[in-house]
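> structure_13.txt is reproduced in full below (compact mmCIF, C-alpha atoms and all ligand atoms).
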# COMPACT_ATOMS: atom_id res chain seq x y z
CA MET I 262 117.69 130.89 80.34
CA ALA I 263 117.59 131.56 84.03
CA GLY I 264 117.13 134.68 86.05
CA ILE I 265 117.58 133.77 89.69
CA THR I 266 115.59 135.46 92.45
CA LEU I 267 116.21 135.04 96.16
CA LYS I 268 113.34 136.24 98.33
CA ASN I 269 113.85 136.55 102.09
CA VAL I 270 116.01 133.46 102.03
CA ASN I 271 117.20 132.11 105.38
CA LYS I 272 119.45 129.21 106.25
CA ILE I 273 119.54 127.94 109.80
CA TYR I 274 121.66 124.88 110.55
CA PRO I 275 120.91 122.90 113.66
CA SER I 276 124.07 122.16 115.60
CA ARG I 277 125.11 120.74 118.95
CA TYR I 278 125.77 124.26 120.23
CA GLY I 279 122.43 125.62 119.08
CA PRO I 280 121.13 126.85 115.72
CA VAL I 281 123.55 128.59 113.32
CA HIS I 282 121.87 131.33 111.30
CA ALA I 283 124.16 131.17 108.25
CA VAL I 284 122.07 133.27 105.81
CA LYS I 285 119.67 135.98 106.99
CA ASP I 286 116.77 137.40 104.97
CA PHE I 287 118.72 137.40 101.74
CA ASN I 288 117.12 139.26 98.84
CA LEU I 289 118.72 139.45 95.42
CA GLU I 290 117.62 139.42 91.83
CA ILE I 291 120.12 138.04 89.33
CA ASN I 292 119.19 138.77 85.73
CA ASP I 293 119.37 136.20 82.98
CA GLY I 294 122.89 136.21 81.52
CA GLU I 295 124.30 138.37 84.27
CA PHE I 296 127.68 137.75 85.90
CA VAL I 297 127.30 138.32 89.64
CA ALA I 298 130.03 137.92 92.23
CA LEU I 299 129.08 136.98 95.76
CA LEU I 300 131.85 138.49 97.84
CA GLY I 301 132.59 138.30 101.54
CA PRO I 302 134.95 137.01 104.21
CA SER I 303 135.21 133.35 105.13
CA GLY I 304 132.20 132.10 107.09
CA CYS I 305 129.80 134.87 106.00
CA GLY I 306 127.38 132.46 104.32
CA LYS I 307 128.41 132.42 100.65
CA THR I 308 128.59 128.66 100.15
CA SER I 309 125.33 128.15 102.05
CA THR I 310 123.62 130.62 99.70
CA LEU I 311 124.97 128.83 96.63
CA ARG I 312 124.06 125.41 97.89
CA MET I 313 120.46 126.54 98.36
CA ILE I 314 120.39 127.89 94.79
CA VAL I 315 121.72 124.63 93.40
CA GLY I 316 119.49 122.52 95.62
CA LEU I 317 122.15 120.79 97.71
CA GLU I 318 120.84 122.42 100.88
CA THR I 319 117.24 122.94 102.00
CA ILE I 320 115.95 126.48 102.33
CA SER I 321 114.94 127.13 105.96
CA SER I 322 112.54 129.90 104.93
CA GLY I 323 111.99 132.18 101.98
CA GLU I 324 111.88 131.39 98.28
CA ILE I 325 114.22 130.83 95.38
CA LEU I 326 112.80 131.37 91.89
CA PHE I 327 114.25 130.58 88.45
CA ASP I 328 112.64 132.76 85.81
CA GLY I 329 109.85 133.48 88.28
CA ARG I 330 109.17 129.82 89.06
CA ARG I 331 109.62 128.57 92.63
CA VAL I 332 112.31 125.88 92.82
CA ASN I 333 112.46 125.27 96.58
CA GLU I 334 111.09 121.75 96.19
CA LEU I 335 113.00 120.79 93.01
CA GLU I 336 115.79 118.21 93.17
CA PRO I 337 119.25 119.51 92.12
CA ARG I 338 119.14 117.55 88.84
CA ASP I 339 115.85 119.21 87.90
CA ARG I 340 117.21 122.73 88.38
CA ASN I 341 119.75 122.50 85.53
CA VAL I 342 122.33 124.59 87.33
CA ALA I 343 125.96 123.53 87.21
CA MET I 344 128.30 124.06 90.10
CA ALA I 345 132.09 123.94 90.23
CA PHE I 346 134.14 123.99 93.42
CA GLU I 347 137.68 124.74 94.45
CA THR I 348 138.52 121.03 94.35
CA TYR I 349 138.41 119.50 90.90
CA ALA I 350 136.90 116.04 91.49
CA LEU I 351 138.04 114.61 88.15
CA TYR I 352 138.27 110.86 87.49
CA PRO I 353 142.02 110.20 87.62
CA ASN I 354 141.97 107.04 85.49
CA PHE I 355 140.07 108.55 82.60
CA THR I 356 141.41 110.87 79.94
CA ILE I 357 140.30 114.49 79.81
CA ALA I 358 138.07 113.68 76.82
CA GLU I 359 136.45 110.85 78.80
CA ASN I 360 136.03 113.09 81.85
CA LEU I 361 134.23 115.62 79.66
CA SER I 362 132.19 112.97 77.95
CA PHE I 363 130.88 111.41 81.15
CA PRO I 364 128.11 113.91 82.05
CA LEU I 365 126.83 113.63 78.46
CA GLU I 366 126.83 109.81 78.41
CA VAL I 367 124.82 109.83 81.65
CA ARG I 368 122.20 111.80 79.75
CA GLY I 369 122.23 109.29 76.92
CA MET I 370 123.76 111.55 74.28
CA GLY I 371 125.06 109.85 71.12
CA GLU I 372 128.74 109.73 70.24
CA ALA I 373 128.77 112.18 67.33
CA GLU I 374 126.97 114.85 69.32
CA ARG I 375 129.21 114.23 72.33
CA LYS I 376 132.30 114.75 70.20
CA LYS I 377 130.94 118.03 68.89
CA LYS I 378 130.29 119.31 72.40
CA ILE I 379 133.67 118.19 73.71
CA ASP I 380 135.42 119.94 70.83
CA LYS I 381 133.57 123.16 71.49
CA ILE I 382 134.29 123.19 75.24
CA ALA I 383 137.91 122.13 74.60
CA GLN I 384 138.29 125.10 72.31
CA ILE I 385 136.78 127.62 74.75
CA MET I 386 138.71 126.24 77.73
CA ARG I 387 141.97 125.68 75.76
CA LEU I 388 142.01 121.93 76.39
CA GLU I 389 142.60 120.71 72.83
CA SER I 390 146.21 119.66 73.38
CA ILE I 391 145.52 117.72 76.59
CA LEU I 392 142.33 115.83 75.66
CA GLU I 393 144.11 112.46 75.62
CA GLN I 394 146.01 113.00 78.87
CA LYS I 395 144.91 111.93 82.35
CA PRO I 396 144.30 114.38 85.24
CA PRO I 397 147.33 113.49 87.41
CA MET I 398 149.61 114.58 84.54
CA LEU I 399 148.13 118.07 84.45
CA SER I 400 148.95 121.29 86.31
CA GLY I 401 146.50 122.75 88.83
CA GLY I 402 145.36 125.37 86.34
CA GLU I 403 144.71 122.78 83.65
CA GLN I 404 142.79 120.56 86.04
CA GLN I 405 140.66 123.51 87.07
CA ARG I 406 139.90 124.32 83.42
CA VAL I 407 138.85 120.72 82.81
CA SER I 408 136.66 120.79 85.90
CA LEU I 409 134.94 123.98 84.71
CA GLY I 410 134.60 122.50 81.24
CA ARG I 411 132.96 119.39 82.63
CA ALA I 412 130.46 121.45 84.65
CA LEU I 413 129.63 123.48 81.55
CA ILE I 414 129.40 120.77 78.98
CA ARG I 415 125.88 119.67 79.79
CA ASP I 416 124.65 123.13 78.88
CA PRO I 417 123.27 124.31 82.21
CA ASP I 418 120.95 127.33 82.45
CA ALA I 419 123.18 128.88 85.07
CA PHE I 420 126.69 128.32 86.23
CA ILE I 421 127.75 128.59 89.85
CA LEU I 422 131.40 128.76 90.88
CA ASP I 423 132.59 128.51 94.46
CA GLU I 424 136.08 129.87 95.18
CA VAL I 425 137.46 128.10 92.10
CA MET I 426 140.70 130.08 92.07
CA SER I 427 141.59 130.14 95.75
CA HIS I 428 144.54 127.79 95.42
CA LEU I 429 145.91 128.99 92.06
CA ASP I 430 149.04 131.13 92.01
CA ALA I 431 148.93 134.69 90.72
CA ASN I 432 149.86 133.96 87.09
CA LEU I 433 147.32 131.19 86.71
CA LYS I 434 144.72 133.36 88.38
CA PHE I 435 145.14 136.06 85.77
CA GLN I 436 144.82 133.51 82.99
CA MET I 437 141.74 132.02 84.62
CA LEU I 438 140.08 135.43 85.11
CA HIS I 439 140.59 135.96 81.41
CA ASP I 440 139.17 132.50 80.56
CA LEU I 441 136.08 133.08 82.67
CA LYS I 442 135.40 136.42 81.01
CA ILE I 443 135.62 134.78 77.59
CA LEU I 444 133.48 131.90 78.76
CA HIS I 445 130.77 134.22 79.95
CA ARG I 446 130.86 136.19 76.73
CA GLU I 447 130.74 133.06 74.54
CA LEU I 448 128.00 131.28 76.45
CA GLY I 449 125.96 134.22 77.69
CA LYS I 450 124.85 132.15 80.70
CA THR I 451 123.95 133.47 84.12
CA MET I 452 127.01 133.12 86.33
CA VAL I 453 127.33 133.42 90.06
CA TYR I 454 130.91 133.54 91.19
CA VAL I 455 131.73 133.19 94.88
CA THR I 456 134.95 134.59 96.26
CA HIS I 457 136.51 136.19 99.33
CA ASP I 458 138.91 138.07 97.04
CA GLN I 459 137.67 141.53 96.10
CA MET I 460 140.16 141.74 93.23
CA GLU I 461 138.55 138.72 91.53
CA ALA I 462 135.08 140.14 92.06
CA LEU I 463 136.02 143.53 90.63
CA ALA I 464 137.79 141.93 87.68
CA LEU I 465 134.94 139.63 86.70
CA ALA I 466 131.48 140.67 87.66
CA ASP I 467 128.83 142.94 86.20
CA ARG I 468 127.48 143.28 89.69
CA ILE I 469 128.88 142.47 93.14
CA ALA I 470 126.82 141.29 96.10
CA VAL I 471 128.78 141.89 99.29
CA MET I 472 128.00 139.71 102.30
CA ASP I 473 129.09 139.87 105.92
CA HIS I 474 127.82 138.02 108.98
CA ALA I 475 125.08 136.20 107.05
CA LEU I 476 123.67 139.48 105.70
CA LEU I 477 123.74 141.01 102.25
CA GLN I 478 125.41 144.38 102.79
CA GLN I 479 125.10 145.80 99.28
CA ALA I 480 124.49 144.70 95.72
CA GLY I 481 125.71 147.03 93.04
CA THR I 482 127.94 147.56 90.03
CA ARG I 483 131.68 147.68 90.57
CA ASN I 484 131.54 151.44 90.47
CA GLU I 485 128.71 151.62 93.00
CA VAL I 486 130.34 149.38 95.60
CA TYR I 487 133.65 151.19 95.11
CA ARG I 488 132.43 154.79 94.93
CA GLU I 489 129.33 154.59 97.08
CA PRO I 490 129.78 151.75 99.56
CA ALA I 491 126.59 151.26 101.58
CA ASN I 492 128.50 151.10 104.84
CA ARG I 493 131.92 151.05 106.42
CA PHE I 494 132.30 147.29 105.99
CA VAL I 495 131.90 147.49 102.20
CA ALA I 496 134.28 150.46 101.99
CA ASP I 497 136.83 148.49 103.98
CA PHE I 498 136.44 145.19 102.15
CA ILE I 499 136.62 146.58 98.62
CA GLY I 500 139.78 148.26 97.44
CA GLU I 501 143.48 147.64 97.98
CA PRO I 502 145.20 148.93 100.06
CA PRO I 503 142.16 149.25 102.35
CA THR I 504 140.34 152.54 102.86
CA ASN I 505 141.62 154.91 105.55
CA PHE I 506 139.08 155.61 108.26
CA PHE I 507 139.11 158.55 110.65
CA ASP I 508 136.90 158.99 113.72
CA MET I 509 135.68 162.54 113.42
CA LEU I 510 133.33 165.00 115.05
CA VAL I 511 130.95 167.31 113.22
CA ARG I 512 131.28 170.98 114.20
CA ARG I 513 128.42 173.20 113.10
CA ASN I 514 128.49 176.96 113.06
CA GLY I 515 125.36 178.25 111.40
CA ASN I 516 125.52 176.99 107.84
CA ASP I 517 129.20 176.27 108.19
CA VAL I 518 130.10 172.63 108.80
CA ASN I 519 133.51 171.23 109.59
CA ILE I 520 134.69 167.73 110.29
CA VAL I 521 137.53 167.53 112.81
CA SER I 522 139.33 164.77 114.66
CA GLU I 523 138.88 164.54 118.42
CA ASP I 524 142.37 165.83 119.10
CA GLY I 525 141.85 168.62 116.56
CA ALA I 526 144.93 167.60 114.55
CA ILE I 527 143.00 166.74 111.38
CA SER I 528 140.18 168.53 109.70
CA PHE I 529 138.51 167.81 106.39
CA SER I 530 136.55 170.18 104.22
CA PRO I 531 133.41 168.36 103.18
CA PRO I 532 132.05 168.94 99.67
CA GLU I 533 128.95 171.05 99.35
CA LYS I 534 126.77 167.96 98.99
CA LEU I 535 127.91 166.68 102.38
CA THR I 536 127.71 170.05 104.06
CA LYS I 537 124.07 170.28 103.07
CA VAL I 538 123.27 166.85 104.48
CA LEU I 539 125.15 167.52 107.71
CA ALA I 540 123.60 170.94 108.18
CA THR I 541 120.12 169.39 108.29
CA ASN I 542 120.66 166.34 110.49
CA ASN I 543 122.01 166.04 114.01
CA ILE I 544 124.63 163.35 113.58
CA ASP I 545 127.71 164.46 115.48
CA ALA I 546 130.03 161.45 115.36
CA VAL I 547 131.12 160.32 111.92
CA THR I 548 133.67 158.01 110.37
CA LEU I 549 135.36 159.55 107.42
CA GLY I 550 136.77 157.27 104.75
CA ILE I 551 139.23 158.10 102.02
CA ARG I 552 141.03 155.62 99.81
CA PRO I 553 144.86 155.67 99.70
CA GLN I 554 144.52 156.10 95.90
CA HIS I 555 142.71 159.37 96.46
CA LEU I 556 145.44 161.01 98.54
CA GLY I 557 148.20 162.50 96.40
CA LEU I 558 151.35 164.52 97.01
CA SER I 559 150.74 167.06 94.27
CA GLY I 560 147.74 169.30 94.03
CA THR I 561 146.98 168.63 90.38
CA ASP I 562 143.97 166.61 89.05
CA GLY I 563 141.50 168.91 90.76
CA LYS I 564 142.58 167.74 94.22
CA SER I 565 141.83 171.07 95.80
CA CYS I 566 141.94 170.24 99.51
CA SER I 567 144.91 169.24 101.58
CA LEU I 568 146.04 167.90 104.90
CA LYS I 569 149.44 167.81 106.54
CA ALA I 570 151.01 164.66 107.91
CA GLU I 571 154.32 163.18 108.94
CA VAL I 572 155.83 160.35 106.92
CA HIS I 573 156.28 157.24 109.02
CA ILE I 574 157.14 154.56 106.44
CA ASN I 575 157.83 154.81 102.71
CA GLU I 576 157.38 151.34 101.16
CA TYR I 577 158.57 150.87 97.60
CA LEU I 578 156.45 148.25 95.80
CA GLY I 579 157.73 148.40 92.24
CA GLU I 580 154.95 150.06 90.30
CA ARG I 581 153.95 152.23 93.27
CA SER I 582 154.91 153.23 96.80
CA ILE I 583 152.79 153.25 99.91
CA LEU I 584 153.33 156.00 102.45
CA THR I 585 152.24 155.34 106.00
CA LEU I 586 151.52 158.72 107.55
CA LYS I 587 150.73 160.13 110.97
CA SER I 588 148.73 163.14 111.92
CA GLY I 589 147.79 163.60 115.56
CA ASN I 590 146.53 160.24 116.78
CA GLU I 591 145.61 159.01 113.31
CA THR I 592 147.69 156.70 111.11
CA PHE I 593 146.76 156.36 107.45
CA ARG I 594 148.14 155.49 104.03
CA ALA I 595 148.57 157.11 100.65
CA LEU I 596 149.39 155.46 97.36
CA VAL I 597 152.03 157.50 95.54
CA PRO I 598 154.29 157.16 92.48
CA PRO I 599 157.17 154.70 93.01
CA TYR I 600 159.96 157.29 92.79
CA THR I 601 158.58 159.35 95.70
CA SER I 602 161.51 160.21 97.96
CA ALA I 603 159.65 161.25 101.14
CA LYS I 604 161.68 160.24 104.20
CA LYS I 605 160.65 159.18 107.68
CA GLY I 606 159.96 162.22 109.84
CA GLU I 607 159.37 164.54 106.89
CA THR I 608 156.16 166.58 106.89
CA VAL I 609 154.21 166.40 103.64
CA LYS I 610 151.01 167.90 102.31
CA LEU I 611 148.45 165.41 101.00
CA HIS I 612 145.92 166.57 98.47
CA TYR I 613 142.45 165.18 97.92
CA ALA I 614 139.32 166.02 96.03
CA PRO I 615 136.41 166.59 98.43
CA GLU I 616 134.13 164.38 96.32
CA ASP I 617 136.37 161.40 97.12
CA LEU I 618 135.51 161.62 100.82
CA MET I 619 133.09 159.00 102.13
CA LEU I 620 131.18 159.80 105.29
CA PHE I 621 129.64 157.17 107.54
CA ASP I 622 127.43 157.53 110.59
CA ALA I 623 129.73 156.39 113.42
CA LYS I 624 126.80 154.69 115.21
CA THR I 625 125.12 152.74 112.39
CA THR I 626 128.25 152.63 110.11
CA ASN I 627 125.92 153.40 107.16
CA LEU I 628 126.97 155.79 104.43
CA ILE I 629 125.65 159.30 104.98
CA ALA I 630 126.86 160.60 101.62
N1 LIG I 701 126.37 121.90 107.73
C1 LIG I 701 126.56 122.88 108.61
N2 LIG I 701 126.20 122.77 109.90
C2 LIG I 701 126.37 123.77 110.79
N3 LIG I 701 126.90 124.95 110.48
C3 LIG I 701 127.30 125.16 109.21
C4 LIG I 701 127.17 124.13 108.21
N4 LIG I 701 127.64 124.61 107.02
C5 LIG I 701 128.07 125.87 107.28
N5 LIG I 701 127.87 126.21 108.59
C6 LIG I 701 128.18 127.51 109.23
O1 LIG I 701 127.46 128.51 108.54
C7 LIG I 701 128.24 129.69 108.41
C8 LIG I 701 128.39 130.06 106.95
O2 LIG I 701 129.18 129.07 106.29
P1 LIG I 701 129.46 129.10 104.73
O3 LIG I 701 128.17 129.26 104.02
O4 LIG I 701 130.27 127.90 104.40
O5 LIG I 701 130.32 130.43 104.59
P2 LIG I 701 131.38 130.87 103.46
O6 LIG I 701 131.18 130.04 102.25
O7 LIG I 701 131.08 132.33 103.25
O8 LIG I 701 132.74 130.69 104.08
C9 LIG I 701 129.55 129.41 109.13
O9 LIG I 701 129.45 129.90 110.43
C10 LIG I 701 129.63 127.89 109.11
O10 LIG I 701 130.37 127.41 110.19
MG MG I 702 132.56 128.84 101.19
Starting from the coordinates I provided, produce the structure as C-alpha cells.

Amino acid sequence: MAGITLKNVNKIYPSRYGPVHAVKDFNLEINDGEFVALLGPSGCGKTSTLRMIVGLETISSGEILFDGRRVNELEPRDRNVAMAFETYALYPNFTIAENLSFPLEVRGMGEAERKKKIDKIAQIMRLESILEQKPPMLSGGEQQRVSLGRALIRDPDAFILDEVMSHLDANLKFQMLHDLKILHRELGKTMVYVTHDQMEALALADRIAVMDHALLQQAGTRNEVYREPANRFVADFIGEPPTNFFDMLVRRNGNDVNIVSEDGAISFSPPEKLTKVLATNNIDAVTLGIRPQHLGLSGTDGKSCSLKAEVHINEYLGERSILTLKSGNETFRALVPPYTSAKKGETVKLHYAPEDLMLFDAKTTNLIA
C-alpha cells in the first residue's frame, strides 16, 4: 500500500550555466491504488519529479511522503517503488523466464515461489509463449511487456512508468494501453504514468496532473481537465485537434454582455453563467476557447448559437473531416462528419452550445468560467 504525497517539492540542478529549476513547488496527493498520469511537454520536469519519488534524485526542498511517512532520506531500495523506462534494459543472454526471475533471486526467494510469481506475471502480461526465448528474438512490444513484468514481479507498493510507449507504433500502443489497464485492475497498485501524449493520459488515468515549465498546472479527472481546464495551456494541451482560441473583447451594456473580436467579425453569446461573472468583474480582454468537436454544421443536439465562417480547407480523414475556417482575422477548425461536402470559399454556419465555450483571462490565461 502506498499513497504518495508531494509537498512543496522543488528540484534545482546545478549546471555550468547556472541553476536549472526543473520542478517548482509541486504539490500533489496520489491516493493508494490510484492511476495518475503526469502529462506535459518535453522538458517540463516530469522525469525529475518521478526520479525524486523513486529516490534516484535528491529533493532540493520540500517533502515526499509514502502513506504519510517522509521518505526524503530513504534509499531507492527501501522505498519499494518500481520504475520502468522507455528503454527495456533486459539481459540479452538470458531467457525471458530468467530475466523475470532475477529480481526475485536477488531477494533470496526460493525456486518454487519464484516459479509461481513468474507464471502469474507471464499470464497478466501475456508472456507465456515466449518465456524460453531471449530478448533479441522479441518484438519491441514484447520486450516492453517483459520489462514491465520484471519491474512488477517483486511486488512493489507503487509502480512508476516513464514514457514507456513513446517508441511503440500505433497498434502496439493500443494493445499496451489495454494491458496496462488490466494490470492496474488486477494488481490494484498505485501507478504513476508519465507521458507527453495526452491521448495516453486520457485513455489510462483516473486523474491527470498536467505540468508545464516546471509547474503543476492542474490535477483533475479526465472530465475536469477536458471540460474545465484551469488555464489556456491545459485547454490547448488536452484534446485533439487542439482547441480553437479567439482573442476577444468584452462589451458591456448594462446587464447585457457580449464578447466580440477586435475586428468585430466574430461575436459569441456567452451562457448565462458567464454573463453573470463578466457583469461583475472588470476584465475586458479575454481569450475564448472552443473545441473543434463542439462546432457543428447542423443546429441539432441543443447547439443553439451559431457563427458564420468561410471554408478554407476541407480535410477528409476517414472517420471524420476537419474544416479549417476563416472569419475576419481568425482562423479556426471544426470537426465534422466525413461526408461533409463544404467547398473552399463556401460560407457555412457553425453551431455551438454556449456551455461549451471556455473563457480565459487574456492577461493571466486562467479560466474565468
Ligand atoms: N541532471 C541534470 N542536470 C541539469 N539539468 C537537468 C538534469 N536533468 C534534467 N535537467 C533539466 O531539467 C528540466 C526538466 O527535465 P526532465 O525532468 O527530464 O523533463 P521531462 O521528463 O518532462 O522531459 C529540463 O530543462 C532538463 O534539461
Ligand atoms: Mg522525461
> If you count all atoms listed in the file, which residues end up within 10 Å of ligand MG 702 (chain I), as JSON, numbers by chain?
{"I": [301, 302, 303, 304, 305, 306, 307, 308, 309, 310, 311, 312, 346, 347, 423, 424, 455, 456, 457]}
> Write the residues of the preceding selection, restricted to C-alpha atoms, as a PDB file, keeping the file's coordinate frame.

ATOM      1  CA  GLY I 301     132.590 138.300 101.540  1.00  0.00           C
ATOM      2  CA  PRO I 302     134.950 137.010 104.210  1.00  0.00           C
ATOM      3  CA  SER I 303     135.210 133.350 105.130  1.00  0.00           C
ATOM      4  CA  GLY I 304     132.200 132.100 107.090  1.00  0.00           C
ATOM      5  CA  CYS I 305     129.800 134.870 106.000  1.00  0.00           C
ATOM      6  CA  GLY I 306     127.380 132.460 104.320  1.00  0.00           C
ATOM      7  CA  LYS I 307     128.410 132.420 100.650  1.00  0.00           C
ATOM      8  CA  THR I 308     128.590 128.660 100.150  1.00  0.00           C
ATOM      9  CA  SER I 309     125.330 128.150 102.050  1.00  0.00           C
ATOM     10  CA  THR I 310     123.620 130.620  99.700  1.00  0.00           C
ATOM     11  CA  LEU I 311     124.970 128.830  96.630  1.00  0.00           C
ATOM     12  CA  ARG I 312     124.060 125.410  97.890  1.00  0.00           C
ATOM     13  CA  PHE I 346     134.140 123.990  93.420  1.00  0.00           C
ATOM     14  CA  GLU I 347     137.680 124.740  94.450  1.00  0.00           C
ATOM     15  CA  ASP I 423     132.590 128.510  94.460  1.00  0.00           C
ATOM     16  CA  GLU I 424     136.080 129.870  95.180  1.00  0.00           C
ATOM     17  CA  VAL I 455     131.730 133.190  94.880  1.00  0.00           C
ATOM     18  CA  THR I 456     134.950 134.590  96.260  1.00  0.00           C
ATOM     19  CA  HIS I 457     136.510 136.190  99.330  1.00  0.00           C
TER      20      HIS I 457
END
> Work out where the centre of an axis-aligned box around every listed atom of ligand LIG 701 (chain I) lies and how long its edges are once 6 Å is added on each side; give both in Å to one decimal as AutoDock Vina command-line options.

--center_x 129.5 --center_y 127.1 --center_z 106.5 --size_x 18.5 --size_y 22.4 --size_z 20.5
> Just to confirm, what's the straight-line distance from atom CA of Ser528 of chain I to atom CA of Phe507 of chain I in Å (one decimal)?
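Going from atom CA of Ser528 of chain I over to atom CA of Phe507 of chain I covers 10.1 Å.
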> Give me, as a VMD selection string, all polymer residues having an atom no more than 10 Å from Lys378 of chain I, counting all atoms listed in the file and skipping those fewer than 6 positions away in the same chain.
chain I and resid 361 to 362 365 372 384 414 to 416
> Looking at only C-alpha atoms and all ligand atoms, which of I:Ala475, I:Ala373, I:Leu335, I:Leu317 is the one that sits closest to ligand LIG 701 (chain I)?
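Going through I:Ala475, I:Ala373, I:Leu335, I:Leu317 one by one, the smallest distance to ligand LIG 701 (chain I) is for I:Ala475.
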> Could you pull the residues within 9 Å of Asn492 of chain I, counting all atoms listed in the file, minus those fewer than 6 positions along the same chain, as a list in words?
Gln478, Gln479, Phe621, Asp622, Thr625, Thr626, Asn627, Leu628 and Ile629 of chain I
> Show me, as a PyMOL selection string, the residues that have an atom within 12 Å of Gly557 of chain I when counting only C-alpha atoms, minus same-chain residues fewer than 4 positions from it.
chain I and resi 551-553+561-569+582-584+594-598+601+609-614+617
> In Å, rounded to a single decimal, give me how far atom CA of Phe287 of chain I is from atom CA of Ala630 of chain I.
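According to the coordinates, atom CA of Ala630 of chain I and atom CA of Phe287 of chain I are separated by 24.6 Å.
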> Between I:Met370, I:Ile379, I:Leu409, I:Ala358, which residue has the minimum interatomic distance to Ala343 of chain I, considering only C-alpha atoms?
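Nearest to Ala343 of chain I: I:Leu409.
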> (130.3, 146.5, 95.0) in this file's frame - what residues fall within 8 Å of it? Use only C-alpha atoms and give the answer as a PyMOL selection string.
chain I and resi 463+468-471+479-487+490+495+499
> Compile the contact shell of Glu389 of chain I as a list in words: residues with an atom at most 12 Å away, counting only C-alpha atoms, same-chain residues fewer than 6 positions apart removed.
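Here the answer would be Ile357, Ala358, Leu361, Ile379, Asp380, Lys381, Ile382, Ala383, Glu403, Arg406, Val407 and Gly410 of chain I.
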> May I ask for the distance between atom CA of Ile273 of chain I and atom CA of Ile421 of chain I, given in Å to one decimal place?
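Between atom CA of Ile273 of chain I and atom CA of Ile421 of chain I the gap works out to 21.6 Å.
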> In terms of the shortest atom-to-atom distance over all atoms listed in the file, which of I:Tyr454, I:Phe435, I:Phe420, I:Phe363 is closest to ligand LIG 701 (chain I)?
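Closest to ligand LIG 701 (chain I) of all the choices is I:Tyr454.
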> Measuring between all atoms listed in the file, which one of I:Val425, I:Ala466, I:Val518, I:Leu578 shows the shortest distance to Pro531 of chain I?
I:Val518
> Mind filling out segment 352-368 of chain I with N, CA and C atoms and sending it as a compact mmCIF listing (two decimals), keeping the file's coordinate frame?

# COMPACT_ATOMS: atom_id res chain seq x y z
N TYR I 352 137.95 112.30 87.39
CA TYR I 352 138.27 110.86 87.49
C TYR I 352 139.70 110.66 87.04
N PRO I 353 140.60 110.23 87.95
CA PRO I 353 142.02 110.20 87.62
C PRO I 353 142.40 109.17 86.57
N ASN I 354 141.59 108.10 86.44
CA ASN I 354 141.97 107.04 85.49
C ASN I 354 141.41 107.22 84.10
N PHE I 355 140.64 108.27 83.92
CA PHE I 355 140.07 108.55 82.60
C PHE I 355 140.78 109.72 81.96
N THR I 356 140.79 109.73 80.63
CA THR I 356 141.41 110.87 79.94
C THR I 356 140.52 112.10 80.10
N ILE I 357 141.06 113.24 79.72
CA ILE I 357 140.30 114.49 79.81
C ILE I 357 139.05 114.38 78.92
N ALA I 358 139.22 113.83 77.71
CA ALA I 358 138.07 113.68 76.82
C ALA I 358 137.00 112.81 77.48
N GLU I 359 137.42 111.74 78.14
CA GLU I 359 136.45 110.85 78.80
C GLU I 359 135.78 111.54 79.99
N ASN I 360 136.59 112.33 80.73
CA ASN I 360 136.03 113.09 81.85
C ASN I 360 134.95 114.05 81.36
N LEU I 361 135.20 114.67 80.20
CA LEU I 361 134.23 115.62 79.66
C LEU I 361 133.01 114.90 79.10
N SER I 362 133.26 113.72 78.60
CA SER I 362 132.19 112.97 77.95
C SER I 362 131.18 112.41 78.96
N PHE I 363 131.69 112.12 80.16
CA PHE I 363 130.88 111.41 81.15
C PHE I 363 129.50 112.02 81.44
N PRO I 364 129.43 113.33 81.75
CA PRO I 364 128.11 113.91 82.05
C PRO I 364 127.14 113.81 80.87
N LEU I 365 127.68 113.71 79.65
CA LEU I 365 126.83 113.63 78.46
C LEU I 365 126.32 112.19 78.27
N GLU I 366 127.23 111.23 78.52
CA GLU I 366 126.83 109.81 78.41
C GLU I 366 125.71 109.50 79.38
N VAL I 367 125.84 110.05 80.62
CA VAL I 367 124.82 109.83 81.65
C VAL I 367 123.45 110.26 81.14
N ARG I 368 123.47 111.30 80.30
CA ARG I 368 122.20 111.80 79.75
C ARG I 368 121.81 111.10 78.45
